[in-house]
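The structure under discussion appears below in the form of structure tokens.
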Number of protein chains: 2
Amino acid sequence: MSLLVTGSIGIDTVETPFGTSENCLGGSAVYFSMAASYFAPVRFIGAIGADCPFDLHEFFHGREIDLTGLEIRQMSKTFRWKGSYFGRMNEAITNGLELNVLAEDPPAVPELFRDSKYIFLANTNPMLQMQLLEQLEKPLFVAADTMNCWIERSITDLKSLLKNVHALVLNEDEARALAQEENLIQAGRKILEMGPEFTVIKKGESGSIICKKSGEKFLLPAYPADVVKDPTGAGDSFAGAMMGYLANVQNIDFENLKKAVAYGTVAASFTIADFSVDGISKIKRADIDDRFELLKKMTQI
Amino acid sequence: MSLLVTGSIGIDTVETPFGTSENCLGGSAVYFSMAASYFAPVRFIGAIGADCPFDLHEFFHGREIDLTGLEIRQMSKTFRWKGSYFGRMNEAITNGLELNVLAEDPPAVPELFRDSKYIFLANTNPMLQMQLLEQLEKPLFVAADTMNCWIERSITDLKSLLKNVHALVLNEDEARALAQEENLIQAGRKILEMGPEFTVIKKGESGSIICKKSGEKFLLPAYPADVVKDPTGAGDSFAGAMMGYLANVQNIDFENLKKAVAYGTVAASFTIADFSVDGISKIKRADIDDRFELLKKMTQI
């Protein structure tokens with residue numbers, strides 16, 4: 001079943017204790033699609049400017065990623081992000097941000113994509129996420145990501161969006177901020193009262209938690225990565241593999257949800273092992289499956 | 001199989017967002033013994049001063065905790081600790097510390113306890129931990145806890161101790177400091193090179209990791225506690241249930257180690273639900289087993 005994603009395409013410059021990667025390919029939709037493509041065909045929506053040095057068609061060559069929704073805007077500039085990670089690398093310091101094309105109208109959903117069933121709204125202004133959602137005919141399953149700035153600046157729009165999504169994927173600080181609750185389990189419960197059937201709270205190197213409206217919970221540690229060179233894109237890769245797995249099995253029961261989150265965890269572990277998209281792109285599906293089995297073995301009592 | 005513990009007995013004053021508990025019973029050996037006693041008979045070694053308002057015989061009444069090793073020193077004062085927790089409560093702020101009896105010679109191991117087989121050396125000066133260990137005849141399994149101040153001040157003694165213990169239990173910041181390594185998986189590996197067969201790295205609300213010399217790993221999230229009133233004693237309760245379980249099954253294979261750590265996680269979740277030892281003392285073994293099953297259900301892919 002086809003999976004639609006909309007999010008950013010970025011030119012990133014990232015500095016970590018392991019080196020610097022200048023003007024490399026990044027962006028939530030890019031990481032997401034790369035990870036998702038190991039599981040299901042992806043429909044990609046995003047915009048770049050004329051300055052973009054990356055040929056996404058070439059970059060995604062050989063993968064089932066449909067770029068019909070890629071807009072190249074001749075009068076615009078591509079989104080750029082400069083960030084650094086220090087020490088434990090569990091937080092990115094933003095040193096430079098040029099929204100550029102992300103500050104313009106969002107790309108339209110191509111006619112061919114309007115029947116998409118599995119939808120991922122990567123992090124952006126919740127009003128834009130809502131506008132995108134309204135262009136779809138009958139989505140079966142919609143998940144969204146968000147971040148602190150929208151919780152602070154656009155809480156009304158975000159709460160409207162939450163009434164229209166099945167799942168919200170966000171990190172632990174965002175969950176606490178959205179729920180206005182320090183206890184993460186209670187925060188999860190409060191977020192579910194805002195609309196979604198379930199929420200996936202990402203805790204970086206401490207794993208993730210799924211909370212379902214029915215009260216079920218699933219707790220998964222992160223894969224014990226002994227090489228972490230660049231955490232950029234970990235959350236987007238997580239979401240990509242999770243959604244890709246769900247779009248492939250076409251069944252959102254709790255057992256599949258658990259597996260989907262485990263695949264997400266594994267995808268993130270490949271992403272962080274190298275700079276930019278190198279970690280997630282230079283592997284095979286069998287590598288993901290092997291690591292999934294290892295993770296399973298290491299977490300079963 | 002009997003389990004011997006030596007550690008502190010304290011008069012604690014603790015402030016959390018949920019209230020204040022003044023001059024309540026605390027100390028590593030107390031929390032440890034309480035949690036361990038659900039699994040195995042405990043031999044207790046510790047010292048208090050004449051000022052101690054608690055009758056430990058009465059307090060432990062009905063539990064198999066042998067207080068032969070409890071010294072009441074008429075000329076001494078009991079260890080006191082004042083601490084506060086804020087916000088997420090994942091770090092204690094020490095507002096007052098009186099070592100008192102803990103600054104004196106450690107209590108001797110009673111003749112009756114010298115044949116103990118399972119030993120837990122709760123956190124104290126590693127030289128004292130070593131002295132205690134030397135008084136034992138033929139321990140089968142020795143685990144130790146430590147903390148930052150000994151890593152900073154007594155690294156040589158600590159490294160000698162590590163050559164003589166089977167397991168080291170410590171929190172993630174301590175593991176990073178001891179190994180001088182930010183990556184926790186690599187830190188675990190470096191600690192094992194210092195001596196122990198395995199290390200249990202506690203990550204508070206983010207669970208725990210076991211690293212074994214053979215390369216096996218086990219990752220367990222914390223129990224998703226929706227009520228956390230006072231985190232004091234969580235780590236000691238964790239160690240108590242873990243060691244109690246191992247002393248009971250008398251088998252330290254990896255499958256039992258995993259279960260032991262899961263029982264430790266469950267015991268900690270009871271401790272943090274109330275002030276002082278109220279959370280861990282007002283339950284039955286069946287409550288622990290029920291929560292163990294719940295934790296298992298929530299973590300199995």
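Letters for chains follow the order of the structure tokens (A, B, ...), residue numbers begin at 1 for each chain, and ligand numbers begin at 1 in the order shown.
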task: Give me the residues within 8 Å of region 263-269 of chain B as number ranges by chain, counting only C-alpha atoms and dropping any in the same chain fewer than 6 places off.
output: B: 35, 207, 222-223, 225, 233-242, 245, 280, 288, 291-292, 295
Write the residues of the selection above to a file with N, CA, C and O atoms, as an mmCIF file, in the first residue's frame.
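Saved result, selection.cif, follows:
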```cif
data_model
loop_
_atom_site.group_PDB
_atom_site.id
_atom_site.type_symbol
_atom_site.label_atom_id
_atom_site.label_comp_id
_atom_site.auth_asym_id
_atom_site.auth_seq_id
_atom_site.Cartn_x
_atom_site.Cartn_y
_atom_site.Cartn_z
ATOM 1 N N ALA B 35 13.851 -4.772 49.652
ATOM 2 C CA ALA B 35 13.525 -5.338 48.325
ATOM 3 C C ALA B 35 13.999 -6.785 48.217
ATOM 4 O O ALA B 35 13.280 -7.649 47.707
ATOM 5 N N GLY B 207 15.493 3.013 32.101
ATOM 6 C CA GLY B 207 15.750 1.587 32.158
ATOM 7 C C GLY B 207 17.180 1.216 32.485
ATOM 8 O O GLY B 207 17.891 1.979 33.157
ATOM 9 N N ALA B 222 12.540 1.043 31.905
ATOM 10 C CA ALA B 222 11.990 1.117 33.256
ATOM 11 C C ALA B 222 10.499 0.810 33.205
ATOM 12 O O ALA B 222 9.860 0.950 32.158
ATOM 13 N N TYR B 223 9.936 0.383 34.326
ATOM 14 C CA TYR B 223 8.489 0.210 34.404
ATOM 15 C C TYR B 223 7.851 1.590 34.228
ATOM 16 O O TYR B 223 8.302 2.569 34.828
ATOM 17 N N ALA B 225 6.076 4.133 35.242
ATOM 18 C CA ALA B 225 5.421 4.584 36.473
ATOM 19 C C ALA B 225 4.665 5.885 36.233
ATOM 20 O O ALA B 225 5.246 6.857 35.775
ATOM 21 N N GLY B 233 16.232 5.767 46.875
ATOM 22 C CA GLY B 233 16.266 4.329 47.143
ATOM 23 C C GLY B 233 15.934 3.464 45.938
ATOM 24 O O GLY B 233 15.967 2.235 46.036
ATOM 25 N N ALA B 234 15.617 4.087 44.799
ATOM 26 C CA ALA B 234 15.250 3.291 43.618
ATOM 27 C C ALA B 234 16.393 2.353 43.217
ATOM 28 O O ALA B 234 16.182 1.158 42.998
ATOM 29 N N GLY B 235 17.611 2.898 43.154
ATOM 30 C CA GLY B 235 18.751 2.090 42.743
ATOM 31 C C GLY B 235 19.069 0.975 43.725
ATOM 32 O O GLY B 235 19.438 -0.133 43.333
ATOM 33 N N ASP B 236 18.929 1.250 45.015
ATOM 34 C CA ASP B 236 19.202 0.228 46.036
ATOM 35 C C ASP B 236 18.132 -0.863 46.031
ATOM 36 O O ASP B 236 18.430 -2.044 46.232
ATOM 37 N N SER B 237 16.886 -0.465 45.795
ATOM 38 C CA SER B 237 15.804 -1.453 45.702
ATOM 39 C C SER B 237 15.998 -2.331 44.470
ATOM 40 O O SER B 237 15.766 -3.546 44.512
ATOM 41 N N PHE B 238 16.437 -1.687 43.396
ATOM 42 C CA PHE B 238 16.752 -2.412 42.155
ATOM 43 C C PHE B 238 17.792 -3.489 42.449
ATOM 44 O O PHE B 238 17.606 -4.671 42.140
ATOM 45 N N ALA B 239 18.874 -3.070 43.077
ATOM 46 C CA ALA B 239 19.956 -4.017 43.383
ATOM 47 C C ALA B 239 19.478 -5.098 44.350
ATOM 48 O O ALA B 239 19.862 -6.271 44.234
ATOM 49 N N GLY B 240 18.629 -4.717 45.291
ATOM 50 C CA GLY B 240 18.128 -5.676 46.287
ATOM 51 C C GLY B 240 17.323 -6.791 45.645
ATOM 52 O O GLY B 240 17.565 -7.975 45.899
ATOM 53 N N ALA B 241 16.371 -6.415 44.804
ATOM 54 C CA ALA B 241 15.543 -7.443 44.163
ATOM 55 C C ALA B 241 16.374 -8.275 43.197
ATOM 56 O O ALA B 241 16.225 -9.497 43.122
ATOM 57 N N MET B 242 17.298 -7.609 42.485
ATOM 58 C CA MET B 242 18.158 -8.331 41.543
ATOM 59 C C MET B 242 18.986 -9.394 42.275
ATOM 60 O O MET B 242 19.003 -10.571 41.900
ATOM 61 N N TYR B 245 16.805 -12.186 43.887
ATOM 62 C CA TYR B 245 16.383 -13.185 42.903
ATOM 63 C C TYR B 245 17.529 -14.155 42.593
ATOM 64 O O TYR B 245 17.349 -15.377 42.576
ATOM 65 N N ILE B 280 8.079 0.345 48.976
ATOM 66 C CA ILE B 280 8.608 -1.013 48.824
ATOM 67 C C ILE B 280 8.199 -1.922 49.988
ATOM 68 O O ILE B 280 8.222 -3.147 49.875
ATOM 69 N N ILE B 288 4.659 -7.857 43.270
ATOM 70 C CA ILE B 288 5.881 -7.812 42.471
ATOM 71 C C ILE B 288 5.754 -8.721 41.253
ATOM 72 O O ILE B 288 6.068 -8.339 40.132
ATOM 73 N N ARG B 291 3.421 -7.291 38.578
ATOM 74 C CA ARG B 291 4.023 -6.194 37.820
ATOM 75 C C ARG B 291 5.148 -6.716 36.911
ATOM 76 O O ARG B 291 5.364 -6.178 35.833
ATOM 77 N N PHE B 292 5.833 -7.752 37.367
ATOM 78 C CA PHE B 292 6.855 -8.399 36.520
ATOM 79 C C PHE B 292 6.203 -8.899 35.227
ATOM 80 O O PHE B 292 6.727 -8.695 34.134
ATOM 81 N N LEU B 295 5.343 -5.946 33.012
ATOM 82 C CA LEU B 295 6.550 -5.398 32.377
ATOM 83 C C LEU B 295 6.972 -6.284 31.209
ATOM 84 O O LEU B 295 7.334 -5.803 30.138
#
```
message: Distance limit 6 Å, atoms considered: only C-alpha atoms. Which chain B residues sit that close to chain A? Return them as an MDAnalysis selection string.
response: chainID B and resid 88 182 185:186 206 217:219 221 226 258 298:301
Store the residues of this selection in a file with all heavy atoms, as a tab-separated table (two decimals), in the first residue's frame.
```tsv
chain	number	residue	atom	x	y	z
B	88	ARG	N	11.46	16.78	36.69
B	88	ARG	CA	11.41	15.39	36.28
B	88	ARG	C	11.94	14.45	37.35
B	88	ARG	O	11.88	13.24	37.22
B	88	ARG	CB	12.28	15.24	35.03
B	88	ARG	CG	11.53	14.82	33.83
B	88	ARG	CD	12.44	14.88	32.63
B	88	ARG	NE	12.18	16.07	31.86
B	88	ARG	CZ	12.77	16.31	30.69
B	88	ARG	NH1	13.67	15.47	30.22
B	88	ARG	NH2	12.47	17.39	30.02
B	182	GLU	N	31.99	8.64	26.49
B	182	GLU	CA	30.61	9.13	26.42
B	182	GLU	C	29.63	8.07	25.92
B	182	GLU	O	28.49	8.02	26.35
B	182	GLU	CB	30.52	10.37	25.50
B	182	GLU	CG	31.09	11.64	26.09
B	182	GLU	CD	30.24	12.18	27.24
B	182	GLU	OE1	29.11	11.74	27.44
B	182	GLU	OE2	30.76	13.05	27.97
B	185	ILE	N	27.66	2.12	25.45
B	185	ILE	CA	27.95	0.72	25.11
B	185	ILE	C	29.47	0.50	25.16
B	185	ILE	O	29.95	-0.49	25.72
B	185	ILE	CB	27.40	0.40	23.70
B	185	ILE	CG1	25.89	0.71	23.65
B	185	ILE	CG2	27.68	-1.03	23.31
B	185	ILE	CD1	25.07	0.02	24.70
B	186	GLN	N	30.21	1.48	24.66
B	186	GLN	CA	31.67	1.38	24.75
B	186	GLN	C	32.13	1.53	26.20
B	186	GLN	O	33.09	0.87	26.63
B	186	GLN	CB	32.32	2.46	23.89
B	186	GLN	CG	32.10	2.22	22.40
B	186	GLN	CD	32.95	3.15	21.53
B	186	GLN	OE1	34.07	3.47	21.91
B	186	GLN	NE2	32.41	3.55	20.40
B	206	SER	N	14.90	5.66	32.24
B	206	SER	CA	15.15	5.11	30.91
B	206	SER	C	15.60	3.66	30.94
B	206	SER	O	16.05	3.13	29.93
B	206	SER	CB	16.17	5.96	30.17
B	206	SER	OG	15.65	7.25	29.96
B	217	LYS	N	24.23	-8.77	25.59
B	217	LYS	CA	23.65	-7.57	26.17
B	217	LYS	C	22.18	-7.79	26.43
B	217	LYS	O	21.53	-8.55	25.73
B	217	LYS	CB	23.79	-6.39	25.21
B	217	LYS	CG	25.17	-5.82	25.13
B	217	LYS	CD	25.23	-4.63	24.20
B	217	LYS	CE	26.67	-4.39	23.81
B	217	LYS	NZ	27.24	-5.48	22.98
B	218	PHE	N	21.67	-7.08	27.42
B	218	PHE	CA	20.24	-7.10	27.68
B	218	PHE	C	19.81	-5.68	27.98
B	218	PHE	O	20.45	-4.97	28.76
B	218	PHE	CB	19.92	-8.02	28.87
B	218	PHE	CG	18.47	-8.02	29.25
B	218	PHE	CD1	17.48	-8.36	28.32
B	218	PHE	CD2	18.07	-7.69	30.54
B	218	PHE	CE1	16.13	-8.36	28.67
B	218	PHE	CE2	16.73	-7.68	30.89
B	218	PHE	CZ	15.76	-8.02	29.96
B	219	LEU	N	18.74	-5.27	27.31
B	219	LEU	CA	18.26	-3.89	27.43
B	219	LEU	C	16.85	-3.94	27.99
B	219	LEU	O	15.99	-4.62	27.43
B	219	LEU	CB	18.18	-3.26	26.04
B	219	LEU	CG	19.35	-3.53	25.09
B	219	LEU	CD1	18.95	-3.19	23.66
B	219	LEU	CD2	20.56	-2.72	25.52
B	221	PRO	N	13.65	-1.44	29.49
B	221	PRO	CA	13.12	-0.11	29.86
B	221	PRO	C	12.69	-0.13	31.33
B	221	PRO	O	12.49	-1.20	31.92
B	221	PRO	CB	11.89	0.04	28.96
B	221	PRO	CG	11.98	-1.06	27.94
B	221	PRO	CD	12.76	-2.16	28.59
B	226	ASP	N	3.38	5.89	36.55
B	226	ASP	CA	2.63	7.14	36.39
B	226	ASP	C	2.52	7.88	37.72
B	226	ASP	O	1.98	8.98	37.77
B	226	ASP	CB	1.27	6.94	35.73
B	226	ASP	CG	0.41	5.94	36.44
B	226	ASP	OD1	0.86	5.41	37.47
B	226	ASP	OD2	-0.71	5.70	35.98
B	258	LYS	N	18.72	-11.71	33.32
B	258	LYS	CA	17.68	-10.89	32.70
B	258	LYS	C	16.46	-10.79	33.62
B	258	LYS	O	15.94	-9.68	33.85
B	258	LYS	CB	17.28	-11.50	31.34
B	258	LYS	CG	18.31	-11.28	30.25
B	258	LYS	CD	18.27	-12.32	29.15
B	258	LYS	CE	17.10	-12.20	28.23
B	258	LYS	NZ	17.25	-13.05	27.01
B	298	MET	N	4.76	-5.71	28.28
B	298	MET	CA	4.96	-4.41	27.63
B	298	MET	C	6.28	-4.28	26.88
B	298	MET	O	6.53	-3.28	26.21
B	298	MET	CB	4.88	-3.28	28.66
B	298	MET	CG	3.46	-3.01	29.12
B	298	MET	SD	3.37	-1.55	30.17
B	298	MET	CE	4.10	-2.17	31.67
B	299	THR	N	7.15	-5.28	27.03
B	299	THR	CA	8.48	-5.16	26.42
B	299	THR	C	8.77	-6.24	25.38
B	299	THR	O	9.84	-6.23	24.77
B	299	THR	CB	9.59	-5.23	27.49
B	299	THR	OG1	9.41	-6.41	28.26
B	299	THR	CG2	9.56	-4.02	28.41
B	300	GLN	N	7.83	-7.16	25.18
B	300	GLN	CA	8.11	-8.25	24.25
B	300	GLN	C	7.60	-7.90	22.86
B	300	GLN	O	6.44	-7.57	22.68
B	300	GLN	CB	7.45	-9.55	24.75
B	300	GLN	CG	7.84	-9.92	26.18
B	300	GLN	CD	9.33	-9.93	26.43
B	300	GLN	OE1	10.01	-10.85	26.04
B	300	GLN	NE2	9.85	-8.91	27.09
B	301	ILE	N	8.49	-7.95	21.88
B	301	ILE	CA	8.12	-7.66	20.49
B	301	ILE	C	7.29	-8.82	19.96
B	301	ILE	O	7.73	-9.97	20.01
B	301	ILE	CB	9.36	-7.47	19.60
B	301	ILE	CG1	10.20	-6.32	20.13
B	301	ILE	CG2	8.95	-7.18	18.16
B	301	ILE	CD1	11.57	-6.19	19.48
```
Separation of CA of Phe120 (chain A) from CA of Val30 (chain A), in Å and rounded to one decimal: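 Spanning CA of Phe120 (chain A) to CA of Val30 (chain A) is a straight-line distance of 12.5 Å.
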Please provide the set of residues having any atom within 9 Å of Glu152 (chain B), restricted to only C-alpha atoms, with same-chain residues fewer than 5 positions apart removed, written as a PDB file with N, CA, C and O atoms, in the first residue's frame.
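Wrote result.pdb, looks like this:
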```
ATOM      1  N   MET B 147      29.896   5.226  43.272  1.00  0.00           N
ATOM      2  CA  MET B 147      29.360   6.492  42.785  1.00  0.00           C
ATOM      3  C   MET B 147      30.468   7.459  42.410  1.00  0.00           C
ATOM      4  O   MET B 147      31.653   7.195  42.629  1.00  0.00           O
ATOM      5  N   ALA B 177      31.816   8.240  33.574  1.00  0.00           N
ATOM      6  CA  ALA B 177      32.956   8.810  34.285  1.00  0.00           C
ATOM      7  C   ALA B 177      34.034   7.752  34.525  1.00  0.00           C
ATOM      8  O   ALA B 177      35.225   8.004  34.326  1.00  0.00           O
ATOM      9  N   LEU B 178      33.612   6.551  34.932  1.00  0.00           N
ATOM     10  CA  LEU B 178      34.579   5.488  35.228  1.00  0.00           C
ATOM     11  C   LEU B 178      35.329   5.076  33.955  1.00  0.00           C
ATOM     12  O   LEU B 178      36.550   4.893  33.975  1.00  0.00           O
TER      13      LEU B 178
END
```
task: Among the residues of region 111-216 of chain B, find those DSSP assigns to helix (DSSP H, G or I) from the backbone and print them as a ChimeraX atom specification.
output: /B:111-113,126-134,148-153,155-162,172-179,184-193,204-206
Using only C-alpha atoms, which residues of region 102-195 of chain B come within 12 Å of region 4-16 of chain B, and what is the closest atom pair for each, with the distance in Å to one decimal? Give it as a tab-separated table, sorted by chain and residue number.
```
residue	atom	partner	partner_atom	distance
B:Leu102	CA	B:Ser8	CA	7.4
B:Ala103	CA	B:Ser8	CA	11.1
B:Pro106	CA	B:Thr6	CA	9.3
B:Pro107	CA	B:Thr6	CA	8.7
B:Ala108	CA	B:Thr6	CA	10.0
B:Val109	CA	B:Thr6	CA	9.1
B:Pro110	CA	B:Leu4	CA	11.0
B:Leu112	CA	B:Leu4	CA	11.1
B:Phe113	CA	B:Leu4	CA	7.6
B:Arg114	CA	B:Leu4	CA	9.3
B:Asp115	CA	B:Leu4	CA	9.7
B:Ser116	CA	B:Leu4	CA	6.3
B:Lys117	CA	B:Leu4	CA	7.7
B:Tyr118	CA	B:Leu4	CA	6.1
B:Ile119	CA	B:Leu4	CA	4.8
B:Phe120	CA	B:Val5	CA	4.8
B:Leu121	CA	B:Thr6	CA	5.5
B:Ala122	CA	B:Gly7	CA	4.8
B:Asn123	CA	B:Gly7	CA	6.6
B:Thr124	CA	B:Gly7	CA	7.1
B:Asn125	CA	B:Gly7	CA	10.4
B:Pro126	CA	B:Gly7	CA	11.8
B:Leu128	CA	B:Thr6	CA	10.2
B:Gln129	CA	B:Thr6	CA	8.5
B:Met130	CA	B:Thr6	CA	11.6
B:Gln131	CA	B:Thr6	CA	11.6
B:Leu132	CA	B:Thr6	CA	8.4
B:Leu133	CA	B:Thr6	CA	10.1
B:Leu136	CA	B:Leu4	CA	10.2
B:Pro139	CA	B:Leu4	CA	9.8
B:Leu140	CA	B:Leu4	CA	11.4
B:Phe141	CA	B:Leu4	CA	10.5
B:Val142	CA	B:Leu4	CA	9.5
B:Ala143	CA	B:Val5	CA	9.8
B:Ala144	CA	B:Val5	CA	9.8
B:Asp145	CA	B:Gly7	CA	9.8
B:Thr146	CA	B:Gly7	CA	11.1
```
Can those selected residues be exported to a file as a compact mmCIF listing (two decimals), in the first residue's frame so that it contains N, CA and C atoms?
```txt
# COMPACT_ATOMS: atom_id res chain seq x y z
N LEU B 102 29.30 6.81 59.17
CA LEU B 102 29.89 6.33 57.91
C LEU B 102 31.33 6.80 57.73
N ALA B 103 31.75 7.79 58.53
CA ALA B 103 33.13 8.26 58.44
C ALA B 103 34.04 7.47 59.37
N PRO B 106 34.35 0.73 59.33
CA PRO B 106 33.11 0.01 58.96
C PRO B 106 32.79 -1.08 59.99
N PRO B 107 31.56 -1.50 60.06
CA PRO B 107 31.22 -2.60 60.98
C PRO B 107 31.94 -3.88 60.55
N ALA B 108 32.25 -4.71 61.52
CA ALA B 108 32.91 -5.98 61.21
C ALA B 108 31.88 -6.97 60.69
N VAL B 109 32.38 -7.96 59.93
CA VAL B 109 31.49 -9.04 59.49
C VAL B 109 31.37 -10.04 60.65
N PRO B 110 30.18 -10.28 61.16
CA PRO B 110 30.03 -11.23 62.28
C PRO B 110 30.49 -12.63 61.85
N LEU B 112 29.21 -15.40 62.21
CA LEU B 112 28.10 -16.14 61.60
C LEU B 112 27.87 -15.83 60.13
N PHE B 113 28.34 -14.67 59.69
CA PHE B 113 28.07 -14.23 58.30
C PHE B 113 29.24 -14.53 57.35
N ARG B 114 30.34 -15.05 57.91
CA ARG B 114 31.55 -15.15 57.06
C ARG B 114 31.45 -16.18 55.94
N ASP B 115 30.50 -17.09 56.10
CA ASP B 115 30.33 -18.10 55.03
C ASP B 115 29.32 -17.65 53.97
N SER B 116 28.92 -16.38 53.98
CA SER B 116 27.92 -15.91 53.01
C SER B 116 28.40 -16.11 51.58
N LYS B 117 27.47 -16.43 50.71
CA LYS B 117 27.84 -16.76 49.33
C LYS B 117 27.50 -15.64 48.33
N TYR B 118 26.38 -14.99 48.55
CA TYR B 118 25.98 -13.89 47.65
C TYR B 118 26.16 -12.57 48.41
N ILE B 119 26.94 -11.69 47.83
CA ILE B 119 27.37 -10.49 48.55
C ILE B 119 27.03 -9.25 47.75
N PHE B 120 26.47 -8.27 48.43
CA PHE B 120 26.30 -6.97 47.77
C PHE B 120 26.99 -5.88 48.60
N LEU B 121 27.94 -5.23 47.97
CA LEU B 121 28.68 -4.14 48.61
C LEU B 121 28.04 -2.84 48.14
N ALA B 122 27.12 -2.31 48.94
CA ALA B 122 26.46 -1.07 48.54
C ALA B 122 27.49 0.05 48.52
N ASN B 123 27.11 1.13 47.93
CA ASN B 123 28.01 2.25 47.69
C ASN B 123 28.69 2.79 48.96
N THR B 124 30.00 2.76 48.98
CA THR B 124 30.79 3.42 50.02
C THR B 124 32.23 3.49 49.49
N ASN B 125 33.13 3.98 50.29
CA ASN B 125 34.55 4.03 49.94
C ASN B 125 35.03 2.64 49.48
N PRO B 126 35.60 2.52 48.28
CA PRO B 126 35.98 1.20 47.77
C PRO B 126 36.99 0.47 48.65
N LEU B 128 36.87 0.42 51.91
CA LEU B 128 36.03 -0.26 52.90
C LEU B 128 35.32 -1.46 52.28
N GLN B 129 34.90 -1.31 51.04
CA GLN B 129 34.25 -2.45 50.36
C GLN B 129 35.23 -3.62 50.26
N MET B 130 36.48 -3.29 49.95
CA MET B 130 37.52 -4.32 49.82
C MET B 130 37.79 -4.98 51.18
N GLN B 131 37.86 -4.15 52.24
CA GLN B 131 38.10 -4.69 53.59
C GLN B 131 37.00 -5.64 54.00
N LEU B 132 35.77 -5.29 53.67
CA LEU B 132 34.66 -6.17 54.02
C LEU B 132 34.78 -7.49 53.27
N LEU B 133 35.08 -7.39 52.01
CA LEU B 133 35.19 -8.57 51.16
C LEU B 133 36.25 -9.54 51.69
N LEU B 136 35.38 -12.32 54.19
CA LEU B 136 34.48 -13.42 53.82
C LEU B 136 35.29 -14.63 53.39
N PRO B 139 33.09 -16.36 49.03
CA PRO B 139 31.87 -15.87 48.37
C PRO B 139 31.76 -16.43 46.96
N LEU B 140 30.54 -16.74 46.56
CA LEU B 140 30.31 -17.28 45.21
C LEU B 140 30.11 -16.17 44.19
N PHE B 141 29.41 -15.11 44.66
CA PHE B 141 29.03 -14.07 43.72
C PHE B 141 29.01 -12.72 44.44
N VAL B 142 29.83 -11.81 43.97
CA VAL B 142 29.97 -10.50 44.62
C VAL B 142 29.60 -9.39 43.63
N ALA B 143 28.68 -8.54 44.06
CA ALA B 143 28.35 -7.36 43.24
C ALA B 143 28.59 -6.12 44.09
N ALA B 144 28.97 -5.05 43.42
CA ALA B 144 29.24 -3.80 44.13
C ALA B 144 28.55 -2.64 43.41
N ASP B 145 28.25 -1.62 44.19
CA ASP B 145 27.75 -0.35 43.66
C ASP B 145 28.88 0.66 43.91
N THR B 146 28.86 1.75 43.16
CA THR B 146 29.81 2.82 43.47
C THR B 146 29.19 4.14 43.08
```
- request: Output as a PyMOL selection string all residues of region 175-275 of chain A that backbone DSSP marks as strand (DSSP E or B).
  value: chain A and resi 198-202+208-212+217-220
message: List as a PyMOL selection string the protein and nucleic acid residues near region 39-55 of chain B, meaning an atom at most 7 Å away when only C-alpha atoms are counted, but skip any in the same chain fewer than 2 places from it.
response: chain B and resi 2-9+33+36-37+57-59+64-67+69-78+101+107+241+244-245+247-248
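The space between CA of Lys229 (chain B) and CA of Leu99 (chain B) spans 25.3 Å.
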